[in-house]
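Q: To be precise about what I am sending: the file is called model.pdb and holds PDB, C-alpha atoms, pLDDT in the B column.
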```pdb
ATOM      1  CA  MET A  22     -22.899 -12.762 -37.897  1.00 72.00           C
ATOM      2  CA  THR A  23     -24.545 -10.375 -35.463  1.00 84.00           C
ATOM      3  CA  SER A  24     -22.656  -7.934 -33.270  1.00 85.00           C
ATOM      4  CA  SER A  25     -23.445  -9.985 -30.148  1.00 87.00           C
ATOM      5  CA  GLU A  26     -22.032 -13.106 -31.798  1.00 87.00           C
ATOM      6  CA  LEU A  27     -18.910 -11.171 -32.763  1.00 89.00           C
ATOM      7  CA  TYR A  28     -18.389  -9.940 -29.215  1.00 91.00           C
ATOM      8  CA  SER A  29     -18.851 -13.469 -27.865  1.00 89.00           C
ATOM      9  CA  SER A  30     -16.273 -14.874 -30.311  1.00 86.00           C
ATOM     10  CA  LEU A  31     -13.688 -12.340 -29.132  1.00 89.00           C
ATOM     11  CA  VAL A  32     -13.812 -13.303 -25.458  1.00 89.00           C
ATOM     12  CA  ALA A  33     -11.664 -16.442 -25.789  1.00 83.00           C
ATOM     13  CA  PRO A  34      -8.674 -14.930 -27.667  1.00 82.00           C
ATOM     14  CA  ALA A  35      -8.838 -11.801 -25.486  1.00 88.00           C
ATOM     15  CA  LEU A  36      -8.756 -13.868 -22.287  1.00 86.00           C
ATOM     16  CA  ALA A  37      -5.869 -15.908 -23.702  1.00 79.00           C
ATOM     17  CA  ILE A  38      -3.900 -12.655 -23.869  1.00 84.00           C
ATOM     18  CA  ALA A  39      -5.138 -11.481 -20.461  1.00 87.00           C
ATOM     19  CA  VAL A  40      -4.034 -14.596 -18.537  1.00 79.00           C
ATOM     20  CA  ASN A  41      -0.443 -14.393 -19.776  1.00 76.00           C
ATOM     21  CA  PRO A  42       1.484 -13.910 -16.499  1.00 74.00           C
ATOM     22  CA  VAL A  43       4.486 -12.105 -18.012  1.00 74.00           C
ATOM     23  CA  PRO A  44       2.787  -8.723 -18.719  1.00 83.00           C
ATOM     24  CA  ILE A  45       1.130  -8.895 -15.289  1.00 82.00           C
ATOM     25  CA  MET A  46       4.527  -9.431 -13.662  1.00 78.00           C
ATOM     26  CA  ALA A  47       5.940  -6.546 -15.704  1.00 80.00           C
ATOM     27  CA  CYS A  48       3.205  -4.198 -14.468  1.00 85.00           C
ATOM     28  CA  VAL A  49       3.723  -5.286 -10.850  1.00 82.00           C
ATOM     29  CA  ALA A  50       7.471  -4.758 -11.226  1.00 79.00           C
ATOM     30  CA  LEU A  51       6.859  -1.233 -12.555  1.00 83.00           C
ATOM     31  CA  LEU A  52       4.559  -0.529  -9.619  1.00 84.00           C
ATOM     32  CA  SER A  53       7.425  -1.538  -7.326  1.00 77.00           C
ATOM     33  CA  THR A  54       9.603   1.332  -8.599  1.00 76.00           C
ATOM     34  CA  ALA A  55       9.839   4.810  -7.083  1.00 75.00           C
ATOM     35  CA  HIS A  56       7.669   6.413  -9.780  1.00 82.00           C
ATOM     36  CA  ALA A  57       5.136   3.601  -9.753  1.00 80.00           C
ATOM     37  CA  LYS A  58       2.040   5.222 -11.274  1.00 86.00           C
ATOM     38  CA  ARG A  59       3.971   6.975 -14.028  1.00 87.00           C
ATOM     39  CA  ASN A  60       5.920   3.897 -15.095  1.00 86.00           C
ATOM     40  CA  ALA A  61       2.910   1.579 -15.014  1.00 89.00           C
ATOM     41  CA  LEU A  62       0.855   4.053 -17.045  1.00 92.00           C
ATOM     42  CA  TYR A  63       3.560   4.216 -19.723  1.00 91.00           C
ATOM     43  CA  PHE A  64       3.413   0.434 -20.033  1.00 91.00           C
ATOM     44  CA  ILE A  65      -0.382   0.135 -20.054  1.00 94.00           C
ATOM     45  CA  VAL A  66      -0.936   3.051 -22.449  1.00 94.00           C
ATOM     46  CA  THR A  67       1.698   1.652 -24.822  1.00 93.00           C
ATOM     47  CA  MET A  68      -0.050  -1.709 -24.982  1.00 93.00           C
ATOM     48  CA  TRP A  69      -3.435  -0.043 -25.461  1.00 95.00           C
ATOM     49  CA  VAL A  70      -2.257   2.295 -28.227  1.00 94.00           C
ATOM     50  CA  LEU A  71      -0.262  -0.422 -29.992  1.00 93.00           C
ATOM     51  CA  MET A  72      -3.052  -2.997 -29.965  1.00 94.00           C
ATOM     52  CA  LEU A  73      -5.662  -0.467 -31.072  1.00 94.00           C
ATOM     53  CA  ALA A  74      -3.387   0.889 -33.798  1.00 93.00           C
ATOM     54  CA  VAL A  75      -2.517  -2.547 -35.202  1.00 89.00           C
ATOM     55  CA  GLY A  76      -6.151  -3.603 -35.082  1.00 90.00           C
ATOM     56  CA  ALA A  77      -7.387  -0.386 -36.686  1.00 91.00           C
ATOM     57  CA  VAL A  78      -4.875  -0.682 -39.533  1.00 88.00           C
ATOM     58  CA  ILE A  79      -6.021  -4.217 -40.302  1.00 83.00           C
ATOM     59  CA  ILE A  80      -9.683  -3.250 -40.140  1.00 84.00           C
ATOM     60  CA  THR A  81      -9.583  -0.001 -42.082  1.00 78.00           C
ATOM     61  CA  ILE A  82      -6.748  -0.601 -44.558  1.00 75.00           C
ATOM     62  CA  ALA A  83      -5.542  -4.179 -44.760  1.00 55.00           C
ATOM     63  CA  GLY A  84      -8.770  -6.162 -44.492  1.00 53.00           C
ATOM     64  CA  ASN A  85      -8.806  -9.872 -45.224  1.00 48.00           C
ATOM     65  CA  SER A  86      -6.235  -9.633 -47.996  1.00 52.00           C
ATOM     66  CA  THR A  87      -3.272  -8.801 -45.786  1.00 46.00           C
ATOM     67  CA  SER A  88      -4.185 -10.316 -42.460  1.00 46.00           C
ATOM     68  CA  SER A  89      -1.746 -13.187 -43.104  1.00 50.00           C
ATOM     69  CA  SER A  90       1.113 -10.800 -43.873  1.00 51.00           C
ATOM     70  CA  THR A  91       0.377  -8.903 -40.667  1.00 50.00           C
ATOM     71  CA  SER A  92       0.501 -12.185 -38.772  1.00 52.00           C
ATOM     72  CA  SER A  93       3.838 -13.022 -40.442  1.00 55.00           C
ATOM     73  CA  GLY A  94       5.215  -9.615 -39.494  1.00 57.00           C
ATOM     74  CA  GLY A  95       4.120 -10.138 -35.907  1.00 58.00           C
ATOM     75  CA  GLY A  96       5.725 -13.593 -35.993  1.00 66.00           C
ATOM     76  CA  GLY A  97       9.027 -12.091 -37.079  1.00 72.00           C
ATOM     77  CA  VAL A  98       8.895  -9.554 -34.248  1.00 66.00           C
ATOM     78  CA  GLN A  99       8.187 -12.329 -31.737  1.00 68.00           C
ATOM     79  CA  VAL A 100      11.107 -14.438 -32.999  1.00 80.00           C
ATOM     80  CA  ALA A 101      13.430 -11.437 -32.663  1.00 79.00           C
ATOM     81  CA  PHE A 102      12.303 -10.699 -29.109  1.00 72.00           C
ATOM     82  CA  GLY A 103      12.514 -14.410 -28.277  1.00 78.00           C
ATOM     83  CA  LEU A 104      16.177 -14.507 -29.256  1.00 86.00           C
ATOM     84  CA  ILE A 105      16.877 -11.319 -27.287  1.00 81.00           C
ATOM     85  CA  PHE A 106      15.165 -12.704 -24.174  1.00 75.00           C
ATOM     86  CA  LEU A 107      17.080 -15.991 -24.414  1.00 85.00           C
ATOM     87  CA  ALA A 108      20.341 -14.055 -24.752  1.00 85.00           C
ATOM     88  CA  VAL A 109      19.514 -12.109 -21.563  1.00 76.00           C
ATOM     89  CA  ALA A 110      18.736 -15.386 -19.743  1.00 79.00           C
ATOM     90  CA  VAL A 111      22.081 -16.888 -20.812  1.00 85.00           C
ATOM     91  CA  GLN A 112      23.927 -13.724 -19.803  1.00 80.00           C
ATOM     92  CA  GLN A 113      22.338 -13.821 -16.339  1.00 72.00           C
ATOM     93  CA  TRP A 114      23.117 -17.528 -15.970  1.00 81.00           C
ATOM     94  CA  ARG A 115      26.794 -16.901 -16.750  1.00 79.00           C
ATOM     95  CA  SER A 116      27.104 -13.840 -14.516  1.00 72.00           C
ATOM     96  CA  LYS A 117      28.173 -14.022 -10.877  1.00 65.00           C
ATOM     97  CA  PRO A 118      25.524 -13.196  -8.248  1.00 57.00           C
ATOM     98  CA  VAL A 119      26.113  -9.934  -6.382  1.00 54.00           C
ATOM     99  CA  GLU A 120      24.851  -9.840  -2.802  1.00 52.00           C
ATOM    100  CA  GLY A 121      23.547  -6.743  -1.032  1.00 49.00           C
ATOM    101  CA  LYS A 122      22.848  -4.639  -4.102  1.00 49.00           C
ATOM    102  CA  ASP A 123      19.564  -3.585  -5.636  1.00 49.00           C
ATOM    103  CA  PRO A 124      18.853  -5.269  -8.985  1.00 50.00           C
ATOM    104  CA  GLY A 125      20.137  -3.124 -11.821  1.00 54.00           C
ATOM    105  CA  TRP A 126      17.055  -3.823 -13.888  1.00 50.00           C
ATOM    106  CA  MET A 127      14.800  -2.389 -11.152  1.00 53.00           C
ATOM    107  CA  LYS A 128      16.843   0.835 -11.160  1.00 58.00           C
ATOM    108  CA  ALA A 129      16.745   0.926 -14.965  1.00 60.00           C
ATOM    109  CA  LEU A 130      12.964   0.534 -14.990  1.00 62.00           C
ATOM    110  CA  ASP A 131      12.571   3.577 -12.759  1.00 62.00           C
ATOM    111  CA  LYS A 132      15.278   5.733 -14.314  1.00 66.00           C
ATOM    112  CA  ASN A 133      14.099   5.089 -17.872  1.00 67.00           C
ATOM    113  CA  GLY A 134      10.384   5.016 -17.117  1.00 65.00           C
ATOM    114  CA  LEU A 135       9.118   6.062 -20.549  1.00 81.00           C
ATOM    115  CA  VAL A 136      11.610   3.964 -22.511  1.00 83.00           C
ATOM    116  CA  ALA A 137      11.097   0.968 -20.228  1.00 80.00           C
ATOM    117  CA  GLY A 138       7.304   1.225 -20.379  1.00 83.00           C
ATOM    118  CA  VAL A 139       7.226   1.563 -24.161  1.00 86.00           C
ATOM    119  CA  THR A 140       9.776  -1.227 -24.666  1.00 84.00           C
ATOM    120  CA  LEU A 141       7.866  -3.605 -22.413  1.00 82.00           C
ATOM    121  CA  GLY A 142       4.569  -2.680 -24.063  1.00 86.00           C
ATOM    122  CA  VAL A 143       5.917  -3.347 -27.555  1.00 87.00           C
ATOM    123  CA  SER A 144       7.763  -6.544 -26.658  1.00 80.00           C
ATOM    124  CA  LEU A 145       5.044  -8.124 -24.496  1.00 81.00           C
ATOM    125  CA  THR A 146       2.141  -7.586 -26.895  1.00 84.00           C
ATOM    126  CA  ASN A 147       0.907 -10.962 -28.176  1.00 77.00           C
ATOM    127  CA  TYR A 148       0.743 -10.190 -31.885  1.00 78.00           C
ATOM    128  CA  ALA A 149      -0.369 -13.686 -32.869  1.00 71.00           C
ATOM    129  CA  LEU A 150      -3.480 -13.667 -30.666  1.00 75.00           C
ATOM    130  CA  LEU A 151      -4.104 -10.003 -31.460  1.00 85.00           C
ATOM    131  CA  THR A 152      -4.235 -10.657 -35.200  1.00 80.00           C
ATOM    132  CA  THR A 153      -6.392 -13.739 -34.575  1.00 75.00           C
ATOM    133  CA  GLY A 154      -8.960 -11.622 -32.762  1.00 83.00           C
ATOM    134  CA  VAL A 155      -8.835  -8.819 -35.319  1.00 87.00           C
ATOM    135  CA  ASP A 156      -9.172 -11.344 -38.144  1.00 81.00           C
ATOM    136  CA  ASP A 157     -12.431 -12.536 -36.553  1.00 82.00           C
ATOM    137  CA  ILE A 158     -13.603  -8.923 -36.461  1.00 89.00           C
ATOM    138  CA  VAL A 159     -12.789  -8.370 -40.140  1.00 86.00           C
ATOM    139  CA  LYS A 160     -14.437 -11.626 -41.217  1.00 82.00           C
ATOM    140  CA  SER A 161     -17.669 -10.645 -39.457  1.00 83.00           C
ATOM    141  CA  GLY A 162     -18.519  -8.362 -42.374  1.00 82.00           C
ATOM    142  CA  LEU A 163     -20.187  -5.857 -40.053  1.00 84.00           C
ATOM    143  CA  SER A 164     -19.922  -2.091 -40.417  1.00 85.00           C
ATOM    144  CA  LYS A 165     -16.604  -0.362 -39.673  1.00 86.00           C
ATOM    145  CA  SER A 166     -18.095   1.373 -36.618  1.00 88.00           C
ATOM    146  CA  VAL A 167     -19.158  -1.978 -35.146  1.00 89.00           C
ATOM    147  CA  GLN A 168     -15.768  -3.482 -35.933  1.00 91.00           C
ATOM    148  CA  ILE A 169     -13.919  -0.624 -34.225  1.00 92.00           C
ATOM    149  CA  SER A 170     -16.137  -0.904 -31.129  1.00 94.00           C
ATOM    150  CA  ALA A 171     -15.490  -4.654 -31.109  1.00 93.00           C
ATOM    151  CA  LEU A 172     -11.758  -3.939 -31.280  1.00 94.00           C
ATOM    152  CA  VAL A 173     -11.997  -1.654 -28.238  1.00 95.00           C
ATOM    153  CA  PHE A 174     -13.944  -4.389 -26.420  1.00 95.00           C
ATOM    154  CA  PHE A 175     -11.280  -6.953 -27.349  1.00 95.00           C
ATOM    155  CA  VAL A 176      -8.376  -4.767 -26.170  1.00 95.00           C
ATOM    156  CA  ALA A 177     -10.178  -3.892 -22.924  1.00 95.00           C
ATOM    157  CA  ILE A 178     -10.544  -7.567 -21.996  1.00 94.00           C
ATOM    158  CA  ALA A 179      -7.023  -8.442 -23.166  1.00 93.00           C
ATOM    159  CA  THR A 180      -5.455  -5.760 -20.950  1.00 94.00           C
ATOM    160  CA  CYS A 181      -7.749  -5.971 -17.914  1.00 93.00           C
ATOM    161  CA  THR A 182      -5.247  -8.018 -15.902  1.00 88.00           C
ATOM    162  CA  ILE A 183      -2.485  -5.417 -16.265  1.00 90.00           C
ATOM    163  CA  VAL A 184      -4.857  -2.548 -15.470  1.00 92.00           C
ATOM    164  CA  LEU A 185      -6.104  -4.236 -12.282  1.00 89.00           C
ATOM    165  CA  PRO A 186      -2.817  -3.902 -10.309  1.00 87.00           C
ATOM    166  CA  LEU A 187      -2.746  -0.170 -11.076  1.00 89.00           C
ATOM    167  CA  ILE A 188      -6.371   0.230  -9.966  1.00 90.00           C
ATOM    168  CA  VAL A 189      -5.586  -1.557  -6.697  1.00 87.00           C
ATOM    169  CA  TYR A 190      -2.558   0.719  -6.259  1.00 89.00           C
ATOM    170  CA  LEU A 191      -4.723   3.817  -6.763  1.00 90.00           C
ATOM    171  CA  VAL A 192      -7.638   2.645  -4.602  1.00 89.00           C
ATOM    172  CA  ARG A 193      -5.608   1.203  -1.722  1.00 88.00           C
ATOM    173  CA  PRO A 194      -2.215   2.933  -1.944  1.00 86.00           C
ATOM    174  CA  VAL A 195      -1.068   2.209   1.619  1.00 86.00           C
ATOM    175  CA  TRP A 196      -1.851  -1.501   1.416  1.00 86.00           C
ATOM    176  CA  ALA A 197      -0.431  -1.709  -2.120  1.00 82.00           C
ATOM    177  CA  ARG A 198       2.846  -0.016  -1.157  1.00 78.00           C
ATOM    178  CA  LYS A 199       3.232  -2.410   1.780  1.00 81.00           C
ATOM    179  CA  GLN A 200       2.706  -5.459  -0.417  1.00 80.00           C
ATOM    180  CA  LEU A 201       4.891  -4.076  -3.172  1.00 72.00           C
ATOM    181  CA  GLY A 202       7.607  -3.350  -0.618  1.00 69.00           C
ATOM    182  CA  ARG A 203       7.600  -7.012   0.324  1.00 74.00           C
ATOM    183  CA  LEU A 204       7.655  -7.927  -3.343  1.00 66.00           C
ATOM    184  CA  SER A 205      10.616  -5.621  -3.987  1.00 60.00           C
ATOM    185  CA  ALA A 206      12.562  -7.237  -1.143  1.00 65.00           C
ATOM    186  CA  TRP A 207      11.813 -10.673  -2.559  1.00 69.00           C
ATOM    187  CA  LEU A 208      12.801  -9.574  -6.061  1.00 59.00           C
ATOM    188  CA  MET A 209      16.098  -8.221  -4.759  1.00 62.00           C
ATOM    189  CA  LYS A 210      16.860 -11.469  -2.928  1.00 67.00           C
ATOM    190  CA  HIS A 211      16.049 -13.745  -5.858  1.00 68.00           C
ATOM    191  CA  ASN A 212      16.921 -11.313  -8.654  1.00 64.00           C
ATOM    192  CA  ARG A 213      19.304 -13.518 -10.676  1.00 70.00           C
ATOM    193  CA  VAL A 214      17.149 -16.663 -10.590  1.00 76.00           C
ATOM    194  CA  ILE A 215      14.035 -14.657 -11.500  1.00 68.00           C
ATOM    195  CA  LEU A 216      15.726 -13.133 -14.543  1.00 68.00           C
ATOM    196  CA  ILE A 217      16.986 -16.509 -15.742  1.00 79.00           C
ATOM    197  CA  VAL A 218      13.586 -18.181 -15.402  1.00 78.00           C
ATOM    198  CA  VAL A 219      11.445 -15.279 -16.672  1.00 69.00           C
ATOM    199  CA  PHE A 220      13.591 -14.373 -19.670  1.00 73.00           C
ATOM    200  CA  GLY A 221      14.184 -18.031 -20.484  1.00 81.00           C
ATOM    201  CA  LEU A 222      10.464 -18.822 -20.493  1.00 77.00           C
ATOM    202  CA  MET A 223       9.648 -15.603 -22.361  1.00 68.00           C
ATOM    203  CA  GLY A 224      12.292 -16.406 -24.959  1.00 77.00           C
ATOM    204  CA  LEU A 225      10.970 -19.918 -25.557  1.00 82.00           C
ATOM    205  CA  LEU A 226       7.351 -18.712 -25.607  1.00 73.00           C
ATOM    206  CA  PHE A 227       8.066 -15.929 -28.086  1.00 71.00           C
ATOM    207  CA  LEU A 228      10.127 -18.227 -30.318  1.00 81.00           C
ATOM    208  CA  VAL A 229       7.376 -20.853 -30.485  1.00 81.00           C
ATOM    209  CA  GLU A 230       4.627 -18.299 -31.110  1.00 71.00           C
ATOM    210  CA  GLY A 231       6.746 -16.407 -33.633  1.00 73.00           C
ATOM    211  CA  ILE A 232       7.639 -19.542 -35.598  1.00 82.00           C
ATOM    212  CA  ASN A 233       3.990 -20.618 -35.600  1.00 77.00           C
ATOM    213  CA  GLY A 234       3.032 -17.170 -36.878  1.00 68.00           C
ATOM    214  CA  LEU A 235       5.602 -17.338 -39.671  1.00 74.00           C
ATOM    215  CA  LEU A 236       4.550 -20.835 -40.731  1.00 77.00           C
ATOM    216  CA  SER A 237       0.787 -20.159 -40.608  1.00 64.00           C
TER     217      SER A 237
END
```
In structure tokens, what does this structure look like?
A:
Amino acid sequence: MTSSELYSSLVAPALAIAVNPVPIMACVALLSTAHAKRNALYFIVTMWVLMLAVGAVIITIAGNSTSSSTSSGGGGVQVAFGLIFLAVAVQQWRSKPVEGKDPGWMKALDKNGLVAGVTLGVSLTNYALLTTGVDDIVKSGLSKSVQISALVFFVAIATCTIVLPLIVYLVRPVWARKQLGRLSAWLMKHNRVILIVVFGLMGLLFLVEGINGLLS
């Protein structure tokens, strides 16, 4: 396999990660907080560092021999987060709606910017697709330098959709703040329903992907 063929094979799994709407929504929600740039950067940098670190470990240490165990470990993490997300959805469904108050989770995102960004970055990383892409890199048999550059290429594509909202915010801050203000008002109005739907879907998605990772 040539380097160009390797890069081409990585586009599909990277785009599969990029089109996941949940991390995009998380980044937009962080940009709706008071410390928008800081909180969004925490989230994006966490995902970048985590994906590069996991990929580099597989490439430089694990290799082909332990790629399946890495996938199983990622599957276990996804199952755990899936159960947590479903528990949050059930808790929101059972709680009584409170009118006229800002969503507590929006305040928590801003107050605990670093913790929130890191937690979201760790929990929303698609470990199954990440290990699939890295496994393709390892199986290419190319030099370590080429494999590492391919990993950077893979992560860049996989995270492009969460970087884009921040770029728009930096390039057109006035327009972005106006749109995000509207979004914040909408989030406040439909807070409870959003949490039920988002965490419910995330929980089911993570459970399915985690179980598939454990069984593969």
Q: Can you translate the PyMOL selection byres ((chain A and resi 40) around 12) into the concrete residues it hits in this file, as a list in words?
A: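 This file gives the following for the PyMOL selection byres ((chain A and resi 40) around 12): Ala33, Pro34, Ala35, Leu36, Ala37, Ile38, Ala39, Asn41, Pro42, Val43, Pro44, Ile45, Met46, Asn147, Ile178, Ala179, Thr180, Cys181, Thr182 and Ile183 of chain A.
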Q: Mind pulling up the distance from atom CA of Ala101 of chain A to atom CA of Arg115 of chain A?
A: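 Separation of atom CA of Arg115 of chain A and atom CA of Ala101 of chain A: 21.5 Å.
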Q: What is the distance between atom CA of Val176 of chain A and atom CA of Gly138 of chain A, in Å to one decimal?
A: 17.8 Å
Q: Tell me which of A:Leu228, A:Val100, A:Ala197, A:Ala171 sits closest to Gly76 of chain A, counting all atoms listed in the file.
A: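 Of all the options, A:Ala171 lies closest to Gly76 of chain A.
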Q: With distances taken over all atoms listed in the file, which residue among A:Phe220, A:Ile105, A:Lys199, A:Ile80 lies nearest Gly154 of chain A?
A: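 The answer is A:Ile80, which sits nearest to Gly154 of chain A.
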Q: So which residues touch Asp157 of chain A within 8 Å, counting all atoms listed in the file, skipping near sequence neighbours fewer than 5 positions away, as a PyMOL selection string?
A: chain A and resi 27+30-31
Q: Out of A:Leu187, A:Ala149, A:Leu71, A:Leu222, which residue has the shortest atom-to-atom distance to Val109 of chain A when counting all atoms listed in the file?
A: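 Smallest distance to Val109 of chain A is found for A:Leu222.
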Q: Using Å and a single decimal, report how far atom CA of Ile188 of chain A sits from atom CA of Ala77 of chain A.
A: 26.7 Å
Q: Give as an MDAnalysis selection string the residues that the PyMOL selection byres ((chain A and resi 66) around 12) matches when applied to the coordinates above.
A: chainID A and resid 48 58:65 67:74 135 138:143 146 176:177 180 183:184 187
Q: Evaluating the PyMOL selection byres ((chain A and resi 23) around 12) on the displayed file yields which residues, as a PyMOL selection string?
A: chain A and resi 22+24-30+158+160-164+167-168+171
